[in-house]
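Structure file work.txt; described as compact mmCIF, C-alpha atoms and all ligand atoms.
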```txt
# COMPACT_ATOMS: atom_id res chain seq x y z
CA MET A 287 -4.82 -30.05 -27.21
CA THR A 288 -3.56 -26.55 -27.67
CA LYS A 289 0.16 -26.02 -27.67
CA ILE A 290 -0.34 -22.43 -26.58
CA VAL A 291 0.40 -22.49 -22.87
CA PRO A 292 1.39 -19.74 -20.45
CA GLN A 293 4.69 -19.65 -18.59
CA PRO A 294 4.97 -21.73 -15.39
CA GLY A 295 3.46 -19.97 -12.39
CA ILE A 296 1.02 -17.77 -14.29
CA MET A 297 -2.01 -20.02 -13.77
CA GLU A 298 -1.28 -20.13 -10.02
CA ILE A 299 -2.11 -16.43 -9.82
CA ALA A 300 -5.53 -15.83 -8.27
CA LEU A 301 -7.07 -12.65 -9.64
CA TYR A 302 -6.62 -9.63 -7.38
CA GLN A 303 -9.79 -8.88 -5.42
CA GLY A 304 -10.38 -5.13 -5.26
CA GLY A 305 -12.58 -3.39 -2.73
CA ALA A 306 -16.29 -3.30 -3.60
CA ALA A 307 -17.82 0.08 -4.45
CA HIS A 308 -21.60 -0.56 -4.67
CA VAL A 309 -24.34 -2.29 -2.73
CA ALA A 310 -27.45 -3.27 -4.70
CA GLY A 311 -30.50 -1.34 -3.56
CA VAL A 312 -28.67 0.83 -1.02
CA THR A 313 -28.09 4.55 -1.46
CA ASN A 314 -25.76 6.93 0.38
CA VAL A 315 -23.03 4.31 0.12
CA VAL A 316 -19.58 5.09 1.46
CA LYS A 317 -16.65 3.06 0.22
CA LEU A 318 -14.27 2.18 3.03
CA SER A 319 -12.76 -0.85 1.35
CA SER A 320 -9.70 0.43 -0.54
CA ASN A 321 -7.90 2.80 1.85
CA GLU A 322 -8.69 5.82 -0.30
CA ASN A 323 -8.38 9.36 1.04
CA PRO A 324 -11.95 10.49 1.86
CA PHE A 325 -11.03 14.10 1.02
CA GLY A 326 -9.83 13.24 -2.47
CA PRO A 327 -6.75 14.70 -4.11
CA SER A 328 -5.37 18.16 -3.37
CA PRO A 329 -7.37 20.80 -5.28
CA ARG A 330 -4.04 21.85 -6.80
CA ALA A 331 -3.55 18.34 -8.15
CA VAL A 332 -7.03 18.38 -9.67
CA GLN A 333 -6.31 21.74 -11.32
CA ALA A 334 -2.97 20.49 -12.65
CA MET A 335 -4.61 17.41 -14.14
CA GLN A 336 -7.34 19.49 -15.77
CA ASP A 337 -4.71 21.76 -17.27
CA ALA A 338 -2.73 18.75 -18.45
CA ALA A 339 -5.78 17.27 -20.18
CA ALA A 340 -5.39 19.84 -22.97
CA GLN A 341 -1.94 18.36 -23.69
CA MET A 342 -3.22 14.81 -24.00
CA HIS A 343 -2.24 14.52 -27.68
CA ARG A 344 1.41 14.73 -26.54
CA TYR A 345 3.29 11.73 -25.25
CA PRO A 346 4.40 12.13 -21.65
CA SER A 347 7.99 12.79 -20.73
CA SER A 348 9.80 9.47 -20.68
CA ASP A 349 12.25 10.37 -17.93
CA HIS A 350 9.69 11.95 -15.56
CA ALA A 351 12.35 14.53 -14.68
CA ALA A 352 9.96 17.20 -13.38
CA LEU A 353 8.16 14.84 -11.04
CA ARG A 354 11.39 13.23 -9.82
CA GLN A 355 12.77 16.69 -9.15
CA ALA A 356 9.69 17.65 -7.14
CA ILE A 357 9.74 14.43 -5.11
CA GLY A 358 13.45 14.92 -4.51
CA GLU A 359 12.98 18.45 -3.22
CA VAL A 360 10.06 17.66 -0.95
CA HIS A 361 11.36 14.40 0.52
CA ASP A 362 15.07 15.21 0.32
CA LEU A 363 15.80 12.33 -2.07
CA ASP A 364 18.25 12.13 -4.96
CA PRO A 365 16.10 12.52 -8.14
CA GLU A 366 18.62 10.40 -10.04
CA ARG A 367 17.65 7.42 -7.93
CA ILE A 368 13.86 7.75 -8.24
CA ILE A 369 11.87 5.68 -10.73
CA CYS A 370 8.20 6.44 -11.43
CA GLY A 371 5.63 3.79 -12.18
CA ALA A 372 1.94 3.27 -12.91
CA GLY A 373 1.29 2.93 -9.20
CA SER A 374 3.79 1.36 -6.86
CA ASP A 375 2.32 -1.94 -8.08
CA GLU A 376 4.32 -1.42 -11.26
CA ILE A 377 7.52 -0.88 -9.28
CA ILE A 378 6.82 -4.13 -7.39
CA ALA A 379 6.35 -5.88 -10.75
CA PHE A 380 9.63 -4.40 -12.11
CA LEU A 381 11.49 -5.60 -9.01
CA CYS A 382 10.21 -9.15 -9.44
CA GLN A 383 10.79 -9.15 -13.19
CA CYS A 384 14.37 -7.90 -12.78
CA PHE A 385 15.54 -9.76 -9.70
CA ALA A 386 13.60 -13.02 -9.41
CA GLY A 387 12.92 -15.81 -11.85
CA PRO A 388 12.43 -19.58 -11.96
CA GLY A 389 14.12 -21.25 -8.98
CA ASP A 390 14.33 -18.01 -7.00
CA GLU A 391 12.35 -17.23 -3.86
CA VAL A 392 10.42 -14.09 -2.99
CA LEU A 393 9.69 -13.68 0.71
CA TYR A 394 6.86 -11.82 2.41
CA THR A 395 4.78 -12.20 5.56
CA GLU A 396 1.52 -14.08 6.13
CA HIS A 397 -0.59 -10.91 6.09
CA GLY A 398 1.50 -9.25 3.40
CA PHE A 399 0.15 -7.28 0.44
CA ALA A 400 -1.34 -9.44 -2.36
CA MET A 401 0.81 -7.97 -5.13
CA TYR A 402 4.03 -9.52 -3.77
CA ARG A 403 2.76 -13.03 -4.47
CA ILE A 404 1.14 -12.06 -7.78
CA SER A 405 4.26 -10.35 -9.13
CA ALA A 406 6.55 -13.13 -7.91
CA LEU A 407 4.47 -15.75 -9.74
CA ALA A 408 4.25 -13.55 -12.82
CA ALA A 409 8.05 -13.53 -12.91
CA GLY A 410 8.19 -17.32 -12.60
CA ALA A 411 9.66 -17.13 -9.09
CA THR A 412 8.51 -19.02 -6.00
CA PRO A 413 6.54 -17.00 -3.42
CA VAL A 414 7.40 -17.87 0.20
CA GLU A 415 5.20 -16.73 3.06
CA VAL A 416 6.47 -16.52 6.66
CA LYS A 417 4.57 -16.08 9.93
CA GLU A 418 3.98 -12.77 11.64
CA ARG A 419 3.93 -12.33 15.41
CA GLU A 420 0.41 -11.34 16.44
CA ARG A 421 -0.15 -9.36 13.22
CA VAL A 422 3.28 -7.69 13.35
CA THR A 423 6.13 -8.33 10.91
CA ASP A 424 8.51 -10.86 12.50
CA VAL A 425 12.11 -10.15 11.51
CA ASP A 426 13.33 -13.44 12.99
CA ALA A 427 10.81 -15.40 10.92
CA LEU A 428 11.88 -13.53 7.77
CA LEU A 429 15.56 -14.16 8.45
CA ALA A 430 14.85 -17.81 9.20
CA GLY A 431 12.87 -18.04 5.94
CA CYS A 432 15.82 -16.89 3.82
CA THR A 433 17.79 -19.37 1.75
CA GLU A 434 20.51 -18.98 -0.86
CA ARG A 435 17.65 -18.78 -3.39
CA THR A 436 16.03 -15.73 -1.74
CA LYS A 437 16.23 -12.76 -4.09
CA LEU A 438 13.61 -10.37 -2.75
CA VAL A 439 12.13 -9.73 0.68
CA PHE A 440 9.02 -7.54 0.75
CA ILE A 441 7.65 -5.85 3.84
CA ALA A 442 5.13 -3.05 3.96
CA ASN A 443 5.95 -0.74 6.86
CA PRO A 444 3.36 0.16 8.07
CA ASN A 445 1.69 -2.99 6.81
CA ASN A 446 -1.60 -3.52 5.01
CA PRO A 447 -4.00 -5.03 6.14
CA THR A 448 -2.71 -5.11 9.74
CA GLY A 449 -1.91 -1.40 10.12
CA THR A 450 1.07 -2.20 12.36
CA MET A 451 4.71 -1.23 11.83
CA ILE A 452 8.14 -2.23 13.08
CA SER A 453 10.94 0.04 14.31
CA GLU A 454 13.86 1.35 12.31
CA ALA A 455 16.13 -0.83 14.46
CA GLU A 456 14.15 -3.92 13.45
CA VAL A 457 14.23 -2.99 9.76
CA THR A 458 17.98 -2.44 10.03
CA ARG A 459 18.40 -5.83 11.68
CA LEU A 460 16.50 -7.38 8.77
CA ALA A 461 18.66 -5.61 6.17
CA ASP A 462 21.82 -6.64 8.04
CA GLY A 463 20.82 -10.29 8.25
CA LEU A 464 19.78 -10.92 4.65
CA PRO A 465 21.86 -13.28 2.56
CA GLU A 466 24.10 -11.69 -0.04
CA GLY A 467 22.20 -11.31 -3.26
CA ALA A 468 18.85 -10.61 -1.58
CA LEU A 469 17.22 -7.21 -1.88
CA LEU A 470 14.98 -5.77 0.85
CA VAL A 471 11.93 -3.89 -0.44
CA LEU A 472 10.27 -1.48 1.99
CA ASP A 473 6.75 -0.79 0.77
CA GLY A 474 5.93 2.68 2.05
CA ALA A 475 2.37 2.96 0.75
CA TYR A 476 1.25 4.34 4.14
CA ALA A 477 4.50 6.06 5.17
CA GLU A 478 3.06 9.58 4.95
CA TYR A 479 0.52 8.74 7.65
CA VAL A 480 3.39 8.44 10.13
CA ASP A 481 4.50 11.94 11.04
CA GLY A 482 8.23 12.44 10.49
CA PHE A 483 8.85 8.89 9.21
CA ASP A 484 11.50 8.62 6.47
CA ALA A 485 10.13 5.26 5.22
CA GLY A 486 13.63 3.78 5.24
CA LYS A 487 15.48 6.55 3.42
CA ALA A 488 18.39 6.63 5.89
CA LEU A 489 18.83 2.89 5.58
CA ILE A 490 18.78 3.09 1.78
CA GLU A 491 21.46 5.80 1.81
CA ALA A 492 23.68 3.65 4.03
CA ARG A 493 23.45 0.32 2.20
CA ASP A 494 23.27 -1.28 -1.22
CA ASN A 495 20.55 -3.88 -0.57
CA VAL A 496 17.48 -1.81 0.30
CA VAL A 497 14.88 -0.05 -1.86
CA MET A 498 11.54 1.54 -1.06
CA THR A 499 8.31 1.91 -2.97
CA ARG A 500 5.96 4.85 -2.47
CA THR A 501 2.59 5.73 -3.89
CA PHE A 502 0.29 8.62 -4.69
CA SER A 503 -2.72 6.33 -4.24
CA LYS A 504 -3.21 6.64 -0.51
CA ILE A 505 -2.72 9.92 1.36
CA TYR A 506 -2.36 11.86 -1.90
CA GLY A 507 -5.76 10.59 -3.03
CA LEU A 508 -4.65 9.76 -6.58
CA GLY A 509 -5.36 6.03 -6.79
CA GLY A 510 -7.30 6.60 -10.00
CA ALA A 511 -4.35 8.31 -11.66
CA ARG A 512 -2.03 5.29 -11.20
CA ILE A 513 1.24 6.78 -10.09
CA GLY A 514 3.89 5.74 -7.60
CA TYR A 515 7.66 5.54 -7.39
CA GLY A 516 10.64 3.60 -6.18
CA TYR A 517 13.85 4.83 -4.56
CA GLY A 518 17.07 2.94 -4.07
CA PRO A 519 20.73 2.58 -4.93
CA LYS A 520 21.66 3.87 -8.39
CA ALA A 521 22.67 0.40 -9.56
CA ILE A 522 19.25 -1.04 -8.71
CA VAL A 523 17.29 1.84 -10.23
CA ASP A 524 19.35 1.53 -13.43
CA VAL A 525 18.26 -2.09 -13.71
CA LEU A 526 14.58 -1.27 -13.16
CA ASN A 527 14.64 1.46 -15.78
CA ARG A 528 15.61 -1.09 -18.44
CA VAL A 529 12.28 -2.91 -18.19
CA ARG A 530 10.17 0.21 -17.68
CA GLY A 531 8.18 1.23 -20.72
CA PRO A 532 9.22 4.71 -21.84
CA PHE A 533 5.68 6.07 -21.51
CA ASN A 534 4.50 4.07 -18.52
CA VAL A 535 3.03 7.07 -16.73
CA SER A 536 0.46 9.45 -18.24
CA VAL A 537 0.68 13.20 -18.75
CA THR A 538 -2.16 13.76 -16.29
CA ALA A 539 -0.73 11.45 -13.64
CA LEU A 540 2.65 13.21 -13.81
CA ALA A 541 1.06 16.65 -13.52
CA GLY A 542 -1.26 15.63 -10.70
CA ALA A 543 1.47 13.93 -8.71
CA GLU A 544 3.83 16.87 -9.03
CA ALA A 545 1.22 19.30 -7.74
CA ALA A 546 0.19 16.86 -5.02
CA VAL A 547 3.69 16.29 -3.67
CA ARG A 548 4.32 20.03 -3.48
CA ASP A 549 1.06 20.68 -1.59
CA THR A 550 2.44 19.79 1.81
CA ASP A 551 -0.23 21.79 3.68
CA TYR A 552 -2.92 19.56 2.22
CA LEU A 553 -0.93 16.48 3.13
CA ASP A 554 -0.60 17.68 6.73
CA TYR A 555 -4.33 18.35 6.89
CA CYS A 556 -5.13 14.83 5.67
CA ARG A 557 -2.67 13.22 8.08
CA VAL A 558 -4.02 15.09 11.10
CA GLU A 559 -7.69 14.43 10.25
CA ASN A 560 -6.94 10.76 9.66
CA ALA A 561 -5.13 10.38 12.99
CA LYS A 562 -7.96 12.10 14.85
CA TRP A 563 -10.76 9.97 13.43
CA ARG A 564 -8.67 6.83 13.49
CA SER A 565 -8.29 6.99 17.27
CA TRP A 566 -11.89 8.03 17.68
CA LEU A 567 -13.15 5.05 15.66
CA ALA A 568 -10.73 2.56 17.20
CA GLU A 569 -11.85 3.59 20.69
CA ALA A 570 -15.53 3.54 19.76
CA LEU A 571 -15.25 0.02 18.35
CA ALA A 572 -13.12 -1.22 21.25
CA ALA A 573 -15.83 -0.01 23.64
CA LEU A 574 -18.25 -2.21 21.68
CA GLY A 575 -16.02 -5.25 22.08
CA VAL A 576 -14.36 -4.95 18.68
CA PRO A 577 -10.63 -4.46 19.29
CA SER A 578 -7.92 -3.48 16.82
CA ASP A 579 -4.16 -3.11 16.95
CA THR A 580 -2.82 0.44 17.13
CA SER A 581 -2.88 1.52 13.50
CA CYS A 582 -0.18 3.61 11.79
CA THR A 583 -2.23 3.87 8.58
CA ASN A 584 -5.55 5.15 7.23
CA PHE A 585 -7.48 2.03 8.22
CA ILE A 586 -8.06 -0.14 11.22
CA LEU A 587 -8.21 -3.91 11.30
CA ALA A 588 -11.30 -4.60 13.41
CA ARG A 589 -11.26 -8.02 15.03
CA PHE A 590 -14.42 -9.99 15.74
CA ALA A 591 -15.06 -13.06 17.86
CA ASP A 592 -14.87 -15.37 14.87
CA GLN A 593 -15.33 -15.56 11.12
CA ALA A 594 -19.11 -15.87 11.39
CA GLU A 595 -19.38 -12.64 13.37
CA ALA A 596 -17.04 -10.79 11.00
CA GLU A 597 -19.12 -11.90 8.02
CA ALA A 598 -22.41 -11.06 9.71
CA CYS A 599 -21.15 -7.60 10.64
CA ASP A 600 -19.90 -7.05 7.10
CA THR A 601 -23.35 -7.91 5.74
CA PHE A 602 -25.00 -5.67 8.32
CA LEU A 603 -22.72 -2.75 7.47
CA GLN A 604 -23.40 -3.21 3.77
CA GLY A 605 -27.11 -2.95 4.47
CA ARG A 606 -26.30 0.43 6.01
CA GLY A 607 -24.34 1.47 2.92
CA LEU A 608 -20.95 0.97 4.57
CA ILE A 609 -18.54 -1.07 2.47
CA THR A 610 -15.54 -2.42 4.36
CA ARG A 611 -13.05 -5.08 3.34
CA ARG A 612 -13.15 -8.77 4.18
CA VAL A 613 -9.59 -9.95 4.66
CA ALA A 614 -10.00 -13.73 4.81
CA GLY A 615 -7.75 -13.83 1.73
CA TYR A 616 -5.03 -12.28 3.89
CA ASN A 617 -5.33 -15.09 6.47
CA LEU A 618 -7.46 -12.87 8.70
CA PRO A 619 -10.92 -14.48 8.55
CA ASN A 620 -12.10 -12.92 11.84
CA ALA A 621 -11.37 -9.35 10.83
CA LEU A 622 -12.68 -6.51 8.70
CA ARG A 623 -10.40 -3.79 7.39
CA ILE A 624 -12.13 -0.43 7.68
CA THR A 625 -10.72 2.63 5.94
CA ILE A 626 -10.84 5.82 8.01
CA GLY A 627 -13.37 8.03 6.26
CA ASP A 628 -14.37 11.56 7.16
CA GLU A 629 -16.11 12.34 10.44
CA GLU A 630 -19.55 11.43 9.16
CA ALA A 631 -18.39 8.09 7.80
CA CYS A 632 -16.61 7.20 11.05
CA ARG A 633 -19.71 8.08 13.08
CA ARG A 634 -21.87 5.97 10.77
CA VAL A 635 -19.53 2.99 11.16
CA ALA A 636 -19.50 3.25 14.95
CA GLN A 637 -23.30 3.54 15.10
CA ALA A 638 -23.80 0.62 12.72
CA VAL A 639 -21.42 -1.65 14.64
CA LYS A 640 -23.27 -0.69 17.85
CA ASP A 641 -26.60 -1.55 16.26
CA PHE A 642 -25.17 -4.81 14.97
CA LYS A 643 -23.91 -5.71 18.43
CA ASP A 644 -27.29 -4.71 19.90
CA GLY A 645 -28.95 -7.14 17.52
CA ALA A 646 -30.79 -4.57 15.42
CA GLN A 647 -32.07 -5.55 11.99
C1 LIG A 701 -2.36 0.42 -1.71
C2 LIG A 701 -1.06 -0.25 -1.57
C3 LIG A 701 -0.08 -0.10 -2.55
C4 LIG A 701 -0.28 0.91 -3.63
O1 LIG A 701 -0.55 0.42 -4.84
P1 LIG A 701 -0.55 1.45 -6.06
O2 LIG A 701 -0.22 0.57 -7.18
O3 LIG A 701 0.52 2.47 -5.81
O4 LIG A 701 -1.90 2.06 -6.12
C5 LIG A 701 1.14 -0.72 -2.40
N1 LIG A 701 1.39 -1.46 -1.30
C6 LIG A 701 0.49 -1.60 -0.33
C7 LIG A 701 0.84 -2.38 0.88
C8 LIG A 701 -0.76 -1.01 -0.44
O5 LIG A 701 -1.66 -1.15 0.52
```
Once you've parsed the file, please lay out its structure as structure tokens.
Ligand SMILES: *Cc1c(COP(=O)(O)O)cnc(C)c1O
Amino acid sequence: MTKIVPQPGIMEIALYQGGAAHVAGVTNVVKLSSNENPFGPSPRAVQAMQDAAAQMHRYPSSDHAALRQAIGEVHDLDPERIICGAGSDEIIAFLCQCFAGPGDEVLYTEHGFAMYRISALAAGATPVEVKERERVTDVDALLAGCTERTKLVFIANPNNPTGTMISEAEVTRLADGLPEGALLVLDGAYAEYVDGFDAGKALIEARDNVVMTRTFSKIYGLGGARIGYGYGPKAIVDVLNRVRGPFNVSVTALAGAEAAVRDTDYLDYCRVENAKWRSWLAEALAALGVPSDTSCTNFILARFADQAEAEACDTFLQGRGLITRRVAGYNLPNALRITIGDEEACRRVAQAVKDFKDGAQ
């Protein structure tokens, strides 16, 4: 018997299931399974990353000052209270590592993002899942789920994979009701899709128990670069910076993100296109008997009669080269999460679902 054993909790982690990218034997495949921006990154970000490639023999800046400055200017945030990570996933991991350990509880909702559970277990803490109300974050359930052991409460607002969001008043009520010693984490991965939304900034400025995470992986189209950030009270960010590796973010990611955040015209273009084709697709599917909740993100959660129909439709779509996401692992066995692609992709999805419903082969 080996005496080399991992820390408690580690073996309870189920490996993260990413969105598929290929279908055997099918060409003209479009990947709608990972909520990626169909238009890709801003051309300015691509140029900046190409330019940065020539500097790849240099270590990156360890304080990320230029990127934090740019984010601060564009989003009106204090650069001193921004921390950059290899995706917002890394910020989530830092939060769990710093604020939750054995005996502590990390709360999230039944259709919450997979990384909350994974990072809680990795830190040795106990993940606790509470109910949502018809696929919407339920503040009462979260408050009722809190104990004196609760150290972190994660909500994505808007949420993945439901696409729904709760109001600022509801988020404030949650922050107000948390036990002392618990930190509220607002995951803003899809915040930029909501026009004029501050992702919780005002709440963070007014309190000491709220942080937010943001990413360049979604509307900025830089998922492959691995870059995101956190924002919160100085005292919290100081803690997170102690566990952050000095070179956690690459030269290219820093350059790409800085150019991307400054290219607000491109961001606006992506947001508007997404909103247009999101409503078009949601209405087209609803007319075919496939409803979805009003989405505030770059995907819709299409609901089928039952698990068998969702699986059959998924298989049918794959045969047409359309890869969507099964979300049974998020307690949503009857649904498929479909990323909003460009116009052509949305039209292909609507046509394929119609053919599926019509019983075509
Ligand atoms: C995609 C996503 C993230 C982003 O992860 P990155 O590590 O920044 O790529 C974070 N939270 C939610 C809810 C997401 O859907």
Practice prompt. Could you give me, as a PyMOL selection string, the residues within 10 Å of segment 297-309 of chain A, counting only C-alpha atoms and dropping anything in the same chain fewer than 4 positions from it?
Written response: chain A and resi 291-293+313-321+400-401+403-408+604-612+615
Close residues, Arg435 of chain A itself excluded, 10 Å, all atoms listed in the file, min 5 positions apart in chain, as a compact mmCIF listing (two decimals) with C-alpha atoms, in the frame of the given file:
```
# COMPACT_ATOMS: atom_id res chain seq x y z
CA ALA A 386 13.60 -13.02 -9.41
CA GLY A 389 14.12 -21.25 -8.98
CA ASP A 390 14.33 -18.01 -7.00
CA GLU A 391 12.35 -17.23 -3.86
CA VAL A 392 10.42 -14.09 -2.99
CA ALA A 411 9.66 -17.13 -9.09
CA THR A 412 8.51 -19.02 -6.00
CA PRO A 465 21.86 -13.28 2.56
CA GLY A 467 22.20 -11.31 -3.26
CA ALA A 468 18.85 -10.61 -1.58
```
Residues within 12 Å of (-1.5, 14.6, 6.4), counting all atoms listed in the file, listed as a ChimeraX atom specification = /A:323,325,327-328,476-482,504-507,546-547,549-562,583-584
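A straight line drawn from atom CA of Pro413 of chain A to atom CA of Leu393 of chain A is 6.2 Å long.
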For segment 509-512 of chain A, list every protein, DNA or RNA residue within 7 Å, evaluated using all atoms listed in the file, and leave out those in the same chain fewer than 4 positions away; present the list as a compact mmCIF listing (two decimals) with C-alpha atoms, in the coordinates of the input.
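Dumped to out00.txt:
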```txt
# COMPACT_ATOMS: atom_id res chain seq x y z
CA ALA A 372 1.94 3.27 -12.91
CA GLY A 373 1.29 2.93 -9.20
CA PHE A 502 0.29 8.62 -4.69
CA SER A 503 -2.72 6.33 -4.24
CA LYS A 504 -3.21 6.64 -0.51
CA ALA A 539 -0.73 11.45 -13.64
```
Contacts between ligand LIG 701 (chain A) and chain A, please, where a residue of chain A counts if it comes within 6 Å (with all atoms listed in the file); show its shortest atom pair and distance in Å to one decimal, rows by chain and ascending number, as a tab-separated table.
```
residue	atom	partner	partner_atom	distance
A:Gly373	CA	A:LIG701	O2	3.5
A:Ser374	CA	A:LIG701	O3	3.6
A:Asp375	CA	A:LIG701	O2	3.7
A:Phe399	CA	A:LIG701	C7	5.0
A:Ala442	CA	A:LIG701	C7	5.3
A:Asn446	CA	A:LIG701	C7	4.9
A:Asp473	CA	A:LIG701	N1	5.8
A:Ala475	CA	A:LIG701	N1	5.0
A:Thr501	CA	A:LIG701	O3	4.3
A:Ser503	CA	A:LIG701	O4	4.7
A:Gly509	CA	A:LIG701	O4	5.3
A:Gly514	CA	A:LIG701	O3	5.0
```
Check your understanding: Just how far from atom CA of Phe385 of chain A is atom CA of Val613 of chain A, in Å to one decimal?
Key ->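 About the pair atom CA of Val613 of chain A and atom CA of Phe385 of chain A: they are 28.9 Å apart.
In this model, the gap between atom CA of Ile586 of chain A and atom CA of Leu460 of chain A comes to 25.7 Å.
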*Around the point (13.4, 13.0, -9.5) in the file's coordinates, collect all residues with an atom within 6 Å, using only C-alpha atoms, and return them as an MDAnalysis selection string.*
chainID A and resid 351 353:355 357:358 365:366 368
Next, dump the selected residues to file, keeping only C-alpha atoms, as a PDB file, in the coordinates of the input.
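Result written to selection.pdb:
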```
ATOM      1  CA  ALA A 351      12.350  14.530 -14.680  1.00  0.00           C
ATOM      2  CA  LEU A 353       8.160  14.840 -11.040  1.00  0.00           C
ATOM      3  CA  ARG A 354      11.390  13.230  -9.820  1.00  0.00           C
ATOM      4  CA  GLN A 355      12.770  16.690  -9.150  1.00  0.00           C
ATOM      5  CA  ILE A 357       9.740  14.430  -5.110  1.00  0.00           C
ATOM      6  CA  GLY A 358      13.450  14.920  -4.510  1.00  0.00           C
ATOM      7  CA  PRO A 365      16.100  12.520  -8.140  1.00  0.00           C
ATOM      8  CA  GLU A 366      18.620  10.400 -10.040  1.00  0.00           C
ATOM      9  CA  ILE A 368      13.860   7.750  -8.240  1.00  0.00           C
TER      10      ILE A 368
END
```
Padding 3 Å on every side, please: axis-aligned box over the listed atoms of segment 558-561 of chain A, centre and edge lengths to one decimal in Å, as lines of an AutoDock Vina configuration file.
```
center_x = -5.9
center_y = 12.7
center_z = 11.3
size_x = 9.7
size_y = 10.7
size_z = 9.3
```
May I have the residues within 7 Å of Asn534 of chain A as a PyMOL selection string, using only C-alpha atoms and disregarding those fewer than 3 positions away in the same chain?
chain A and resi 371-372+530-531
Would you pull segment 489-503 of chain A out of the block just shown and save N, CA and C atoms as a tab-separated table (two decimals), in the first residue's frame?
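The resulting file, out.tsv, is shown below:
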```tsv
chain	number	residue	atom	x	y	z
A	489	LEU	N	-21.63	47.94	-5.43
A	489	LEU	CA	-21.75	47.20	-4.18
A	489	LEU	C	-20.37	46.96	-3.56
A	490	ILE	N	-19.41	46.65	-4.41
A	490	ILE	CA	-18.04	46.41	-3.92
A	490	ILE	C	-17.49	47.68	-3.27
A	491	GLU	N	-17.74	48.83	-3.93
A	491	GLU	CA	-17.21	50.10	-3.39
A	491	GLU	C	-17.83	50.41	-2.02
A	492	ALA	N	-19.05	49.93	-1.80
A	492	ALA	CA	-19.78	50.32	-0.59
A	492	ALA	C	-19.58	49.36	0.58
A	493	ARG	N	-18.94	48.21	0.35
A	493	ARG	CA	-18.89	47.20	1.40
A	493	ARG	C	-17.50	46.56	1.48
A	494	ASP	N	-17.31	45.71	2.48
A	494	ASP	CA	-16.01	45.04	2.58
A	494	ASP	C	-16.12	43.53	2.37
A	495	ASN	N	-17.31	43.04	1.98
A	495	ASN	CA	-17.47	41.58	1.87
A	495	ASN	C	-17.90	41.12	0.49
A	496	VAL	N	-17.57	41.91	-0.55
A	496	VAL	CA	-17.95	41.54	-1.91
A	496	VAL	C	-16.76	41.70	-2.85
A	497	VAL	N	-16.55	40.70	-3.71
A	497	VAL	CA	-15.57	40.81	-4.79
A	497	VAL	C	-16.23	40.37	-6.09
A	498	MET	N	-15.62	40.75	-7.21
A	498	MET	CA	-16.12	40.21	-8.48
A	498	MET	C	-14.97	39.62	-9.27
A	499	THR	N	-15.33	38.66	-10.12
A	499	THR	CA	-14.37	38.11	-11.07
A	499	THR	C	-14.85	38.45	-12.47
A	500	ARG	N	-13.90	38.72	-13.34
A	500	ARG	CA	-14.23	39.07	-14.74
A	500	ARG	C	-13.28	38.30	-15.65
A	501	THR	N	-13.65	38.18	-16.89
A	501	THR	CA	-12.82	37.38	-17.79
A	501	THR	C	-12.69	38.01	-19.17
A	502	PHE	N	-11.60	37.66	-19.85
A	502	PHE	CA	-11.44	38.03	-21.25
A	502	PHE	C	-11.82	36.86	-22.17
A	503	SER	N	-12.36	35.79	-21.58
A	503	SER	CA	-12.64	34.58	-22.36
A	503	SER	C	-13.94	34.61	-23.12
```
